[in-house]
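Contents: one structure, followed by commentary.
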Amino acid sequence: MHKILLVLLASTLSGCFDSKEEIIEEKNQGLVYCAEANPVSFNPQVTTTGSTIDIIANQLFDRLISIDPVTADFKSELATDWKISNDGKSVTFTLRKGVKFHTTSYFTPTRDFNADDVIFTFSRLFDVYNPYHFVGDANYPYFQSVGLDQLIRKIVRVSDYQVRFELFHPESSFLTNMATDFAVVLSQEYAMKLKARDQTNLFDQYPIGTGPYIYKEYRRDHLVRFYRNPLYWKHDVALEQLVYDITTNGTTRIAKMLTKECDVTAHPSSAQLSILAQRDDINVEKETNLNIGYWAFNTERAPFDDIRVRKALAHAIDIDKIMQAVYYGNGIRAQSILPPTSWGFEPQENIPMFDPELAKKLLIEAGLPNGFDMTIWAMPVSRIYNPNARKMAELMQSDLRKIGVNVSIVEYEWNTFIQRIGEHRHDSVLLGWAADTPDPDNFFSPLLSCTATFSGKNPANWCNPQFDLLLTQALDTTDLSLRKQYYEQVQALIMDQLPLVPIAHGMRFQANSADVEGITLGPFGAISLANARKK
């Protein structure tokens, strides 16, 4: 009996220690990635948080199709072929045979991936009779913001390895949205086993996928551990295990790179790049990325419901100073919400320029000659589109004080921050978006559509029927020149109404130990470590 108690005590204590030795041991067995935040879920369907998607999407799961980062052509993944009907209202996918779902301590599959998994995965979004539709409050933020849950009429099982998506109407971005990091395929068999045990709440936290790695454990504020999938359908996986060391402080992440506690680190800041560049044992990768960093106003809250106030605030901030102090030359000042590399980009002539006197005049016109008090919420993590939100907020605070606006800066732990922004508790917020696809709609519908407001993912809390109509018109045609015309109007409307101020498009950086290979940064989407290996 005493021996059993000693073993249990030792086991418990070893699970509580957050030791450097433990991380080093994990590093010797595989690869350690310094991540900037805890994952909010282990199912990409239920979150749009980039830090979470980077950890889970391409490591645990696969999609039916993907988009080639160079050619932008669709590529086969779990679907080997797809055909669109002449009227554009149905898409039939032929599925890959012989794909195995993960075997873990909590689930052992009895069959291969097939049509039932596709039907279960995507019917969850819109079918109230799907037993998982209301699990997690029926909140599927990306799909709801782009209207995919309203687009799919039904999904038909043609055979074990063929499914047909029937749509209410043709939409030019349907395949693009099916190729995003959110459109992963889940296990219907696993879902039904949890349901039989009355444990549906575990489905989004204990994942089962078909991807290159298998979930092992998660310890909040410490680590996420994955093991190699020995039965991965696409190729052999080189790493025995993949560990995400949760390190929220950017300086600490760099310190761990320098002391070799981490093999890879996410989003080193521009200020830290010169330190890393001096090391022969560290490689820094740099990639142009489709993203936007912005300052959004809660347009349903006074005085931000007054366009004159929003314009006054936009004219009061010196973005050139922000570019120098925050991006250090590793970003492009935004001329639209779309980055210049997007085919829909149109530079906006009426983008607000730094003009404090005009800002004061606009406040007087809005009945606020003495200014007012407000908050700027600054995200606590470094992202591609904003490497240092706190510093940016402090620069804005200084500028706004000169026009009589007193700013308090608000920060929370990342997951709490995202939750409260979704509840629209903020006056204004510094956030951003990294594109999942090259389609311009990916910058508009998820950020500013009315459906995004209803799902809590529109940080400007802005619902404009004219804006939504233009998006619908753009999606109703496959004529690229016509779509571009609609998106030009969309960009002009954003600048006219100013629910948010586009600030900059950042470069994506990643630091790797020199002995790490096979990690490639792309222009859109989450990072994949499927091909990562050590020399």
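Every chain in the structure tokens takes a letter, A first, then B, and so on in the order presented; its residues are numbered from 1, and the ligands are numbered from 1 following the presented order.
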request  = Would you please extract all strand (DSSP E or B) residues from segment 430-493 of chain A, as assigned by DSSP on the backbone, and give them as a ChimeraX atom specification?
outcome  = /A:430-434
Export, as a PDB file, in the first residue's frame, the selected residues with N, CA and C atoms.
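Dumped everything to again_24.pdb:
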ATOM      1  N   LEU A 430      -6.961  47.245 -30.738  1.00  0.00           N
ATOM      2  CA  LEU A 430      -5.916  46.999 -31.721  1.00  0.00           C
ATOM      3  C   LEU A 430      -5.864  45.502 -31.993  1.00  0.00           C
ATOM      4  N   LEU A 431      -6.251  45.144 -33.193  1.00  0.00           N
ATOM      5  CA  LEU A 431      -6.304  43.742 -33.584  1.00  0.00           C
ATOM      6  C   LEU A 431      -5.801  43.608 -35.018  1.00  0.00           C
ATOM      7  N   GLY A 432      -6.072  42.480 -35.622  1.00  0.00           N
ATOM      8  CA  GLY A 432      -5.679  42.278 -37.002  1.00  0.00           C
ATOM      9  C   GLY A 432      -6.204  40.970 -37.539  1.00  0.00           C
ATOM     10  N   TRP A 433      -5.821  40.676 -38.759  1.00  0.00           N
ATOM     11  CA  TRP A 433      -6.307  39.474 -39.432  1.00  0.00           C
ATOM     12  C   TRP A 433      -5.238  38.990 -40.398  1.00  0.00           C
ATOM     13  N   ALA A 434      -4.924  37.697 -40.314  1.00  0.00           N
ATOM     14  CA  ALA A 434      -4.035  37.062 -41.280  1.00  0.00           C
ATOM     15  C   ALA A 434      -4.888  36.158 -42.154  1.00  0.00           C
TER      16      ALA A 434
END
Which residues, written as a PDB file with all heavy atoms, in the first residue's frame, have at least one atom at most 10 Å from Ile246 of chain A, with only C-alpha atoms counted and residues fewer than 5 positions away on the same chain left out?
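This is the output file out_28.pdb:
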ATOM      1  N   TYR A  33       8.473  23.980 -29.999  1.00  0.00           N
ATOM      2  CA  TYR A  33       8.041  25.215 -30.656  1.00  0.00           C
ATOM      3  C   TYR A  33       7.561  26.161 -29.571  1.00  0.00           C
ATOM      4  O   TYR A  33       6.626  25.838 -28.821  1.00  0.00           O
ATOM      5  CB  TYR A  33       6.915  24.880 -31.633  1.00  0.00           C
ATOM      6  CG  TYR A  33       6.391  26.031 -32.472  1.00  0.00           C
ATOM      7  CD1 TYR A  33       6.698  26.113 -33.825  1.00  0.00           C
ATOM      8  CD2 TYR A  33       5.554  27.009 -31.935  1.00  0.00           C
ATOM      9  CE1 TYR A  33       6.193  27.140 -34.618  1.00  0.00           C
ATOM     10  CE2 TYR A  33       5.065  28.044 -32.702  1.00  0.00           C
ATOM     11  CZ  TYR A  33       5.386  28.107 -34.039  1.00  0.00           C
ATOM     12  OH  TYR A  33       4.883  29.134 -34.819  1.00  0.00           O
ATOM     13  N   CYS A  34       8.186  27.314 -29.446  1.00  0.00           N
ATOM     14  CA  CYS A  34       7.755  28.315 -28.467  1.00  0.00           C
ATOM     15  C   CYS A  34       6.522  29.042 -29.013  1.00  0.00           C
ATOM     16  O   CYS A  34       6.631  29.827 -29.963  1.00  0.00           O
ATOM     17  CB  CYS A  34       8.871  29.313 -28.177  1.00  0.00           C
ATOM     18  SG  CYS A  34       9.863  28.888 -26.738  1.00  0.00           S
ATOM     19  N   ALA A  35       5.371  28.789 -28.422  1.00  0.00           N
ATOM     20  CA  ALA A  35       4.112  29.389 -28.865  1.00  0.00           C
ATOM     21  C   ALA A  35       3.728  30.546 -27.959  1.00  0.00           C
ATOM     22  O   ALA A  35       4.096  30.580 -26.776  1.00  0.00           O
ATOM     23  CB  ALA A  35       3.004  28.342 -28.876  1.00  0.00           C
ATOM     24  N   GLU A  36       2.951  31.485 -28.507  1.00  0.00           N
ATOM     25  CA  GLU A  36       2.694  32.733 -27.803  1.00  0.00           C
ATOM     26  C   GLU A  36       1.439  32.732 -26.937  1.00  0.00           C
ATOM     27  O   GLU A  36       1.208  33.670 -26.185  1.00  0.00           O
ATOM     28  CB  GLU A  36       2.619  33.894 -28.804  1.00  0.00           C
ATOM     29  CG  GLU A  36       1.370  33.931 -29.669  1.00  0.00           C
ATOM     30  CD  GLU A  36       1.487  33.125 -30.942  1.00  0.00           C
ATOM     31  OE1 GLU A  36       2.247  32.138 -30.967  1.00  0.00           O
ATOM     32  OE2 GLU A  36       0.793  33.461 -31.915  1.00  0.00           O
ATOM     33  N   ALA A  37       0.614  31.680 -27.016  1.00  0.00           N
ATOM     34  CA  ALA A  37      -0.634  31.683 -26.245  1.00  0.00           C
ATOM     35  C   ALA A  37      -1.162  30.269 -26.096  1.00  0.00           C
ATOM     36  O   ALA A  37      -0.848  29.374 -26.883  1.00  0.00           O
ATOM     37  CB  ALA A  37      -1.691  32.561 -26.926  1.00  0.00           C
ATOM     38  N   ASN A  38      -1.983  30.077 -25.067  1.00  0.00           N
ATOM     39  CA  ASN A  38      -2.680  28.807 -24.898  1.00  0.00           C
ATOM     40  C   ASN A  38      -3.708  28.619 -26.007  1.00  0.00           C
ATOM     41  O   ASN A  38      -4.330  29.593 -26.448  1.00  0.00           O
ATOM     42  CB  ASN A  38      -3.412  28.782 -23.555  1.00  0.00           C
ATOM     43  CG  ASN A  38      -2.483  28.666 -22.368  1.00  0.00           C
ATOM     44  OD1 ASN A  38      -1.838  27.644 -22.179  1.00  0.00           O
ATOM     45  ND2 ASN A  38      -2.409  29.727 -21.568  1.00  0.00           N
ATOM     46  N   PRO A  39      -3.924  27.399 -26.444  1.00  0.00           N
ATOM     47  CA  PRO A  39      -5.011  27.171 -27.396  1.00  0.00           C
ATOM     48  C   PRO A  39      -6.369  27.345 -26.714  1.00  0.00           C
ATOM     49  O   PRO A  39      -6.532  26.960 -25.553  1.00  0.00           O
ATOM     50  CB  PRO A  39      -4.801  25.718 -27.844  1.00  0.00           C
ATOM     51  CG  PRO A  39      -4.041  25.078 -26.729  1.00  0.00           C
ATOM     52  CD  PRO A  39      -3.180  26.159 -26.134  1.00  0.00           C
ATOM     53  N   ARG A 219      -1.212  21.038 -20.940  1.00  0.00           N
ATOM     54  CA  ARG A 219      -1.159  21.624 -19.606  1.00  0.00           C
ATOM     55  C   ARG A 219      -1.147  23.135 -19.771  1.00  0.00           C
ATOM     56  O   ARG A 219      -0.182  23.698 -20.302  1.00  0.00           O
ATOM     57  CB  ARG A 219       0.080  21.140 -18.857  1.00  0.00           C
ATOM     58  CG  ARG A 219      -0.073  19.743 -18.283  1.00  0.00           C
ATOM     59  CD  ARG A 219       1.125  19.351 -17.461  1.00  0.00           C
ATOM     60  NE  ARG A 219       2.089  18.607 -18.243  1.00  0.00           N
ATOM     61  CZ  ARG A 219       3.353  18.437 -17.878  1.00  0.00           C
ATOM     62  NH1 ARG A 219       3.806  19.002 -16.773  1.00  0.00           N
ATOM     63  NH2 ARG A 219       4.175  17.735 -18.626  1.00  0.00           N
ATOM     64  N   ARG A 220      -2.215  23.747 -19.342  1.00  0.00           N
ATOM     65  CA  ARG A 220      -2.391  25.186 -19.530  1.00  0.00           C
ATOM     66  C   ARG A 220      -1.197  25.964 -18.987  1.00  0.00           C
ATOM     67  O   ARG A 220      -0.673  25.660 -17.908  1.00  0.00           O
ATOM     68  CB  ARG A 220      -3.677  25.650 -18.831  1.00  0.00           C
ATOM     69  CG  ARG A 220      -3.990  27.121 -19.030  1.00  0.00           C
ATOM     70  CD  ARG A 220      -5.314  27.503 -18.369  1.00  0.00           C
ATOM     71  NE  ARG A 220      -5.532  28.923 -18.494  1.00  0.00           N
ATOM     72  CZ  ARG A 220      -6.049  29.518 -19.563  1.00  0.00           C
ATOM     73  NH1 ARG A 220      -6.410  28.788 -20.599  1.00  0.00           N
ATOM     74  NH2 ARG A 220      -6.222  30.830 -19.608  1.00  0.00           N
ATOM     75  N   ASP A 221      -0.771  26.964 -19.770  1.00  0.00           N
ATOM     76  CA  ASP A 221       0.356  27.847 -19.434  1.00  0.00           C
ATOM     77  C   ASP A 221       1.695  27.104 -19.402  1.00  0.00           C
ATOM     78  O   ASP A 221       2.707  27.677 -18.972  1.00  0.00           O
ATOM     79  CB  ASP A 221       0.144  28.555 -18.084  1.00  0.00           C
ATOM     80  CG  ASP A 221      -1.057  29.480 -18.101  1.00  0.00           C
ATOM     81  OD1 ASP A 221      -1.316  30.083 -19.151  1.00  0.00           O
ATOM     82  OD2 ASP A 221      -1.750  29.582 -17.066  1.00  0.00           O
ATOM     83  N   HIS A 222       1.706  25.869 -19.844  1.00  0.00           N
ATOM     84  CA  HIS A 222       2.956  25.112 -19.829  1.00  0.00           C
ATOM     85  C   HIS A 222       3.259  24.518 -21.199  1.00  0.00           C
ATOM     86  O   HIS A 222       4.174  24.976 -21.880  1.00  0.00           O
ATOM     87  CB  HIS A 222       2.899  24.023 -18.762  1.00  0.00           C
ATOM     88  CG  HIS A 222       4.161  23.214 -18.657  1.00  0.00           C
ATOM     89  ND1 HIS A 222       5.414  23.783 -18.644  1.00  0.00           N
ATOM     90  CD2 HIS A 222       4.353  21.873 -18.571  1.00  0.00           C
ATOM     91  CE1 HIS A 222       6.329  22.834 -18.540  1.00  0.00           C
ATOM     92  NE2 HIS A 222       5.719  21.655 -18.515  1.00  0.00           N
ATOM     93  N   LEU A 223       2.475  23.522 -21.628  1.00  0.00           N
ATOM     94  CA  LEU A 223       2.812  22.884 -22.896  1.00  0.00           C
ATOM     95  C   LEU A 223       1.618  22.180 -23.522  1.00  0.00           C
ATOM     96  O   LEU A 223       0.624  21.879 -22.869  1.00  0.00           O
ATOM     97  CB  LEU A 223       3.971  21.890 -22.716  1.00  0.00           C
ATOM     98  CG  LEU A 223       3.782  20.674 -21.797  1.00  0.00           C
ATOM     99  CD1 LEU A 223       3.008  19.548 -22.463  1.00  0.00           C
ATOM    100  CD2 LEU A 223       5.152  20.134 -21.359  1.00  0.00           C
ATOM    101  N   VAL A 224       1.764  21.930 -24.822  1.00  0.00           N
ATOM    102  CA  VAL A 224       0.903  21.024 -25.578  1.00  0.00           C
ATOM    103  C   VAL A 224       1.841  19.998 -26.196  1.00  0.00           C
ATOM    104  O   VAL A 224       2.867  20.363 -26.772  1.00  0.00           O
ATOM    105  CB  VAL A 224       0.128  21.755 -26.701  1.00  0.00           C
ATOM    106  CG1 VAL A 224      -0.746  20.767 -27.470  1.00  0.00           C
ATOM    107  CG2 VAL A 224      -0.715  22.885 -26.131  1.00  0.00           C
ATOM    108  N   ARG A 253      10.546  34.170 -25.051  1.00  0.00           N
ATOM    109  CA  ARG A 253      10.642  33.242 -26.188  1.00  0.00           C
ATOM    110  C   ARG A 253      12.011  33.352 -26.860  1.00  0.00           C
ATOM    111  O   ARG A 253      12.629  32.346 -27.206  1.00  0.00           O
ATOM    112  CB  ARG A 253       9.534  33.514 -27.212  1.00  0.00           C
ATOM    113  CG  ARG A 253       8.161  33.087 -26.757  1.00  0.00           C
ATOM    114  CD  ARG A 253       7.202  32.938 -27.927  1.00  0.00           C
ATOM    115  NE  ARG A 253       7.027  34.161 -28.693  1.00  0.00           N
ATOM    116  CZ  ARG A 253       6.146  35.111 -28.391  1.00  0.00           C
ATOM    117  NH1 ARG A 253       5.372  34.974 -27.325  1.00  0.00           N
ATOM    118  NH2 ARG A 253       6.022  36.186 -29.149  1.00  0.00           N
TER     119      ARG A 253
END
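Contact shell of Ile332 of chain A at 9 Å (only C-alpha atoms; same-chain neighbours under 2 positions omitted): Met323, Tyr327, Gly329, Asn330, Ala334, Gln335, Pro339, Ile503, Ala504, His505, Gly506 and Met507 of chain A.
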key: Nearby residues (only C-alpha atoms) at most 10 Å from Val264 of chain A, same-chain spacing under 3 positions excluded, as a list in words   = Leu31, Val32, Tyr33, Cys34, Ala35, Tyr244, Asp245, Arg253, Ile254, Lys256, Met257, Lys260, Glu261, His267, Ile282, Asn283, Val284, Gln510, Ala511, Asn512, Ser513, Ala514, Val516 and Ile519 of chain A
task = Grab the atom CA of Leu363 of chain A to atom CA of Glu411 of chain A distance for me, in Å with one decimal place.
result =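 Computing the Euclidean distance for atom CA of Leu363 of chain A and atom CA of Glu411 of chain A yields 26.8 Å.
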ask   = Could you work out how far atom CA of Thr247 of chain A lies from atom CA of Gly30 of chain A, giving the answer in Å with one decimal?
value =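 Taking atom CA of Gly30 of chain A and atom CA of Thr247 of chain A, their separation equals 18.2 Å.
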For Phe134 of chain A: contacts at 12 Å, only C-alpha atoms, fewer than 4 positions along chain excluded, given as an MDAnalysis selection string = chainID A and resid 46 123:130 138:140 200:201
Using only C-alpha atoms, find each residue of segment 440-524 of chain A with at least one atom at most 8 Å away from an atom of segment 52-73 of chain A; report its shortest atom-to-atom pair and that distance in Å (one decimal), sort the rows by chain and rising residue number, and return the result as a Markdown table.
| residue | atom | partner | partner_atom | distance |
| --- | --- | --- | --- | --- |
| A:Gly522 | CA | A:Pro69 | CA | 6.2 |
| A:Pro523 | CA | A:Pro69 | CA | 6.5 |
| A:Phe524 | CA | A:Pro69 | CA | 7.3 |
Can those selected residues be exported to a file as a PDB file, in the first residue's frame so that it contains N, CA, C and O atoms?
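Final output, again.pdb:
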ATOM      1  N   GLY A 522       4.183  30.324 -45.459  1.00  0.00           N
ATOM      2  CA  GLY A 522       3.407  30.615 -46.648  1.00  0.00           C
ATOM      3  C   GLY A 522       2.787  31.995 -46.579  1.00  0.00           C
ATOM      4  O   GLY A 522       2.778  32.632 -45.518  1.00  0.00           O
ATOM      5  N   PRO A 523       2.235  32.486 -47.691  1.00  0.00           N
ATOM      6  CA  PRO A 523       1.636  33.817 -47.716  1.00  0.00           C
ATOM      7  C   PRO A 523       0.278  33.889 -47.020  1.00  0.00           C
ATOM      8  O   PRO A 523      -0.212  34.961 -46.729  1.00  0.00           O
ATOM      9  N   PHE A 524      -0.320  32.730 -46.755  1.00  0.00           N
ATOM     10  CA  PHE A 524      -1.604  32.716 -46.043  1.00  0.00           C
ATOM     11  C   PHE A 524      -1.736  31.379 -45.311  1.00  0.00           C
ATOM     12  O   PHE A 524      -1.036  30.406 -45.593  1.00  0.00           O
TER      13      PHE A 524
END
Residues near Lys193 of chain A, cut-off 12 Å, only C-alpha atoms, skip fewer than 2 positions along chain, as a list of chain:residue names = A:Tyr106, A:Phe107, A:Thr108, A:Pro109, A:Thr110, A:Pro131, A:Ser187, A:Gln188, A:Glu189, A:Tyr190, A:Ala191, A:Lys195, A:Ala196, A:Arg197, A:Asp198, A:Gln199, A:Thr200, A:Leu202, A:Phe203
I need the residues from that last selection saved to file as a compact mmCIF listing (two decimals), in the first residue's frame (with all heavy atoms), if you can.
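For reference, part16.txt as written:
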# COMPACT_ATOMS: atom_id res chain seq x y z
N TYR A 106 -7.75 7.52 -25.61
CA TYR A 106 -9.18 7.69 -25.37
C TYR A 106 -10.06 7.29 -26.57
O TYR A 106 -11.28 7.38 -26.50
CB TYR A 106 -9.49 9.14 -24.96
CG TYR A 106 -8.90 10.21 -25.87
CD1 TYR A 106 -9.59 10.66 -26.97
CD2 TYR A 106 -7.65 10.76 -25.58
CE1 TYR A 106 -9.05 11.64 -27.80
CE2 TYR A 106 -7.11 11.74 -26.40
CZ TYR A 106 -7.81 12.18 -27.51
OH TYR A 106 -7.28 13.15 -28.33
N PHE A 107 -9.44 6.85 -27.67
CA PHE A 107 -10.24 6.42 -28.83
C PHE A 107 -9.43 5.51 -29.75
O PHE A 107 -8.27 5.81 -30.06
CB PHE A 107 -10.73 7.62 -29.63
CG PHE A 107 -11.48 7.27 -30.89
CD1 PHE A 107 -12.73 6.67 -30.81
CD2 PHE A 107 -10.92 7.51 -32.14
CE1 PHE A 107 -13.42 6.33 -31.98
CE2 PHE A 107 -11.60 7.18 -33.30
CZ PHE A 107 -12.86 6.59 -33.22
N THR A 108 -10.07 4.42 -30.16
CA THR A 108 -9.49 3.52 -31.16
C THR A 108 -10.49 3.36 -32.29
O THR A 108 -11.59 2.82 -32.09
CB THR A 108 -9.17 2.14 -30.56
OG1 THR A 108 -8.25 2.28 -29.49
CG2 THR A 108 -8.57 1.21 -31.62
N PRO A 109 -10.17 3.85 -33.49
CA PRO A 109 -11.13 3.75 -34.61
C PRO A 109 -11.29 2.30 -35.07
O PRO A 109 -10.36 1.50 -34.97
CB PRO A 109 -10.48 4.61 -35.69
CG PRO A 109 -9.02 4.60 -35.38
CD PRO A 109 -8.91 4.50 -33.89
N THR A 110 -12.48 1.99 -35.58
CA THR A 110 -12.76 0.66 -36.12
C THR A 110 -12.91 0.68 -37.64
O THR A 110 -13.13 -0.36 -38.25
CB THR A 110 -14.03 0.07 -35.49
OG1 THR A 110 -15.16 0.88 -35.86
CG2 THR A 110 -13.92 0.01 -33.97
N PRO A 131 -26.28 15.91 -33.65
CA PRO A 131 -26.18 15.92 -32.18
C PRO A 131 -25.12 16.84 -31.62
O PRO A 131 -25.11 17.10 -30.41
CB PRO A 131 -25.86 14.45 -31.85
CG PRO A 131 -25.29 13.87 -33.11
CD PRO A 131 -25.99 14.59 -34.24
N SER A 187 -13.92 13.06 -36.94
CA SER A 187 -14.36 11.67 -36.90
C SER A 187 -15.79 11.53 -36.39
O SER A 187 -16.07 11.86 -35.23
CB SER A 187 -13.42 10.84 -36.02
OG SER A 187 -13.97 9.56 -35.76
N GLN A 188 -16.66 11.06 -37.25
CA GLN A 188 -18.04 10.83 -36.85
C GLN A 188 -18.13 9.69 -35.84
O GLN A 188 -18.92 9.73 -34.88
CB GLN A 188 -18.89 10.51 -38.09
CG GLN A 188 -20.37 10.32 -37.81
CD GLN A 188 -20.77 8.84 -37.81
OE1 GLN A 188 -19.91 7.96 -37.92
NE2 GLN A 188 -22.06 8.59 -37.68
N GLU A 189 -17.31 8.66 -36.00
CA GLU A 189 -17.34 7.51 -35.09
C GLU A 189 -16.94 7.95 -33.68
O GLU A 189 -17.59 7.56 -32.69
CB GLU A 189 -16.39 6.42 -35.59
CG GLU A 189 -16.41 5.18 -34.72
CD GLU A 189 -15.38 4.14 -35.12
OE1 GLU A 189 -14.44 4.49 -35.87
OE2 GLU A 189 -15.49 3.00 -34.65
N TYR A 190 -15.91 8.76 -33.57
CA TYR A 190 -15.49 9.27 -32.26
C TYR A 190 -16.58 10.12 -31.63
O TYR A 190 -16.89 9.98 -30.43
CB TYR A 190 -14.20 10.08 -32.44
CG TYR A 190 -13.72 10.82 -31.21
CD1 TYR A 190 -13.53 10.18 -29.99
CD2 TYR A 190 -13.43 12.19 -31.27
CE1 TYR A 190 -13.08 10.85 -28.87
CE2 TYR A 190 -12.97 12.87 -30.16
CZ TYR A 190 -12.80 12.21 -28.97
OH TYR A 190 -12.35 12.89 -27.85
N ALA A 191 -17.20 10.97 -32.43
CA ALA A 191 -18.27 11.83 -31.92
C ALA A 191 -19.42 10.99 -31.36
O ALA A 191 -19.97 11.29 -30.29
CB ALA A 191 -18.78 12.74 -33.03
N LYS A 195 -20.95 10.70 -27.55
CA LYS A 195 -22.38 10.94 -27.32
C LYS A 195 -22.99 9.79 -26.52
O LYS A 195 -23.80 10.01 -25.61
CB LYS A 195 -23.11 11.10 -28.66
CG LYS A 195 -24.61 11.37 -28.51
CD LYS A 195 -25.26 11.59 -29.86
CE LYS A 195 -26.75 11.88 -29.70
NZ LYS A 195 -27.48 10.72 -29.13
N ALA A 196 -22.61 8.57 -26.85
CA ALA A 196 -23.14 7.41 -26.14
C ALA A 196 -22.76 7.44 -24.67
O ALA A 196 -23.47 6.90 -23.81
CB ALA A 196 -22.65 6.12 -26.79
N ARG A 197 -21.62 8.09 -24.36
CA ARG A 197 -21.18 8.20 -22.96
C ARG A 197 -21.65 9.50 -22.31
O ARG A 197 -21.23 9.83 -21.20
CB ARG A 197 -19.65 8.15 -22.89
CG ARG A 197 -19.02 6.89 -23.43
CD ARG A 197 -17.50 6.96 -23.21
NE ARG A 197 -16.79 6.13 -24.14
CZ ARG A 197 -15.72 6.50 -24.84
NH1 ARG A 197 -15.24 7.74 -24.70
NH2 ARG A 197 -15.13 5.67 -25.65
N ASP A 198 -22.42 10.29 -23.06
CA ASP A 198 -22.87 11.61 -22.57
C ASP A 198 -21.68 12.51 -22.27
O ASP A 198 -21.64 13.22 -21.26
CB ASP A 198 -23.76 11.45 -21.33
CG ASP A 198 -24.57 12.72 -21.04
OD1 ASP A 198 -24.81 13.48 -21.99
OD2 ASP A 198 -24.93 12.93 -19.87
N GLN A 199 -20.68 12.48 -23.19
CA GLN A 199 -19.47 13.28 -23.01
C GLN A 199 -19.20 14.16 -24.23
O GLN A 199 -18.05 14.38 -24.60
CB GLN A 199 -18.27 12.35 -22.77
CG GLN A 199 -18.32 11.58 -21.47
CD GLN A 199 -17.12 10.67 -21.30
OE1 GLN A 199 -16.63 10.08 -22.26
NE2 GLN A 199 -16.64 10.55 -20.06
N THR A 200 -20.25 14.67 -24.84
CA THR A 200 -20.07 15.50 -26.05
C THR A 200 -19.22 16.73 -25.78
O THR A 200 -18.58 17.27 -26.68
CB THR A 200 -21.43 15.94 -26.62
OG1 THR A 200 -22.17 16.62 -25.60
CG2 THR A 200 -22.24 14.75 -27.11
N LEU A 202 -16.47 16.90 -24.45
CA LEU A 202 -15.04 16.60 -24.60
C LEU A 202 -14.58 16.63 -26.06
O LEU A 202 -13.38 16.63 -26.33
CB LEU A 202 -14.73 15.21 -24.02
CG LEU A 202 -15.02 15.01 -22.53
CD1 LEU A 202 -14.64 13.58 -22.12
CD2 LEU A 202 -14.28 16.03 -21.68
N PHE A 203 -15.52 16.67 -26.99
CA PHE A 203 -15.20 16.50 -28.41
C PHE A 203 -14.23 17.55 -28.93
O PHE A 203 -13.30 17.24 -29.68
CB PHE A 203 -16.48 16.51 -29.23
CG PHE A 203 -16.27 16.23 -30.70
CD1 PHE A 203 -15.91 14.96 -31.13
CD2 PHE A 203 -16.45 17.23 -31.64
CE1 PHE A 203 -15.71 14.69 -32.47
CE2 PHE A 203 -16.26 16.97 -32.99
CZ PHE A 203 -15.89 15.69 -33.40
task = From a DSSP pass on the backbone, collect the residues of segment 16-171 of chain A flagged as alpha helix (DSSP H) and hand them back as a PyMOL selection string.
result = chain A and resi 16+20-29+50-60+115-123+141-145+148-151
inquiry  = At a cut-off of 6 Å, using only C-alpha atoms, what residues contact Gln241 of chain A? Leave out same-chain residues fewer than 2 positions from it and give the result as a list of chain:residue names.
reply    = A:Gly30, A:Phe226, A:Tyr227, A:Arg228, A:Leu239
task = Determine the nearest neighbour of Gln473 of chain A from the options A:Leu258, A:Val490, A:Leu395, A:Ala238, counting only C-alpha atoms.
result = A:Val490
note = Min atom-atom distance to Phe93 of chain A from the set A:Asn289, A:Thr48, A:Gln162, A:Thr478, counting only C-alpha atoms, belongs to A:Gln162
ask   = Using only C-alpha atoms, which of A:Ala179, A:Ala389, A:Ile418, A:Val410 sits nearest Val40 of chain A?
value =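 Of the candidates, the smallest distance to Val40 of chain A is held by A:Ile418.
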request  = Mind giving me the straight-line distance from atom CA of Phe182 of chain A to atom CA of Asp468 of chain A in Å, one decimal?
outcome  =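 Rounded to one decimal, the two atoms are 22.1 Å apart.
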query = So, counting only C-alpha atoms, which residue among A:Val146, A:Val99, A:Leu480, A:Ile155 is closest to Ser455 of chain A?
reply = A:Val146
key: Residue among A:Leu276, A:Ala115, A:Ala183, A:Ile84 lying closest to Lys97 of chain A, counting only C-alpha atoms   =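 Of A:Leu276, A:Ala115, A:Ala183, A:Ile84, the one nearest Lys97 of chain A is A:Ala115, counting only C-alpha atoms.
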task = Choose the residue, out of A:Asp373, A:Leu471, A:Asn386, A:Met396, that has the smallest atom-to-atom separation from Ala314 of chain A; count only C-alpha atoms.
result = A:Met396
Please produce, as JSON lines, a per-residue contact table for segment 316-385 of chain A versus segment 297-312 of chain A (criterion: any atom at most 9 Å away, only C-alpha atoms considered), showing the nearest atom pair and its distance in Å to one decimal, sorted by chain then residue number.
{"residue": "A:Ala316", "atom": "CA", "partner": "A:Ala312", "partner_atom": "CA", "distance": 6.2}
{"residue": "A:Pro352", "atom": "CA", "partner": "A:Lys311", "partner_atom": "CA", "distance": 7.3}
{"residue": "A:Asp355", "atom": "CA", "partner": "A:Ala312", "partner_atom": "CA", "distance": 8.8}
{"residue": "A:Pro356", "atom": "CA", "partner": "A:Ala312", "partner_atom": "CA", "distance": 8.1}
{"residue": "A:Leu358", "atom": "CA", "partner": "A:Ala312", "partner_atom": "CA", "distance": 7.1}
{"residue": "A:Ala359", "atom": "CA", "partner": "A:Ala312", "partner_atom": "CA", "distance": 4.0}
{"residue": "A:Lys360", "atom": "CA", "partner": "A:Ala312", "partner_atom": "CA", "distance": 6.8}
{"residue": "A:Lys361", "atom": "CA", "partner": "A:Ala312", "partner_atom": "CA", "distance": 7.9}
{"residue": "A:Leu362", "atom": "CA", "partner": "A:Ala312", "partner_atom": "CA", "distance": 5.5}
{"residue": "A:Leu363", "atom": "CA", "partner": "A:Val309", "partner_atom": "CA", "distance": 6.0}
{"residue": "A:Glu365", "atom": "CA", "partner": "A:Arg308", "partner_atom": "CA", "distance": 7.5}
{"residue": "A:Ala366", "atom": "CA", "partner": "A:Arg308", "partner_atom": "CA", "distance": 6.1}
{"residue": "A:Leu368", "atom": "CA", "partner": "A:Val309", "partner_atom": "CA", "distance": 8.7}
{"residue": "A:Phe372", "atom": "CA", "partner": "A:Pro303", "partner_atom": "CA", "distance": 8.9}
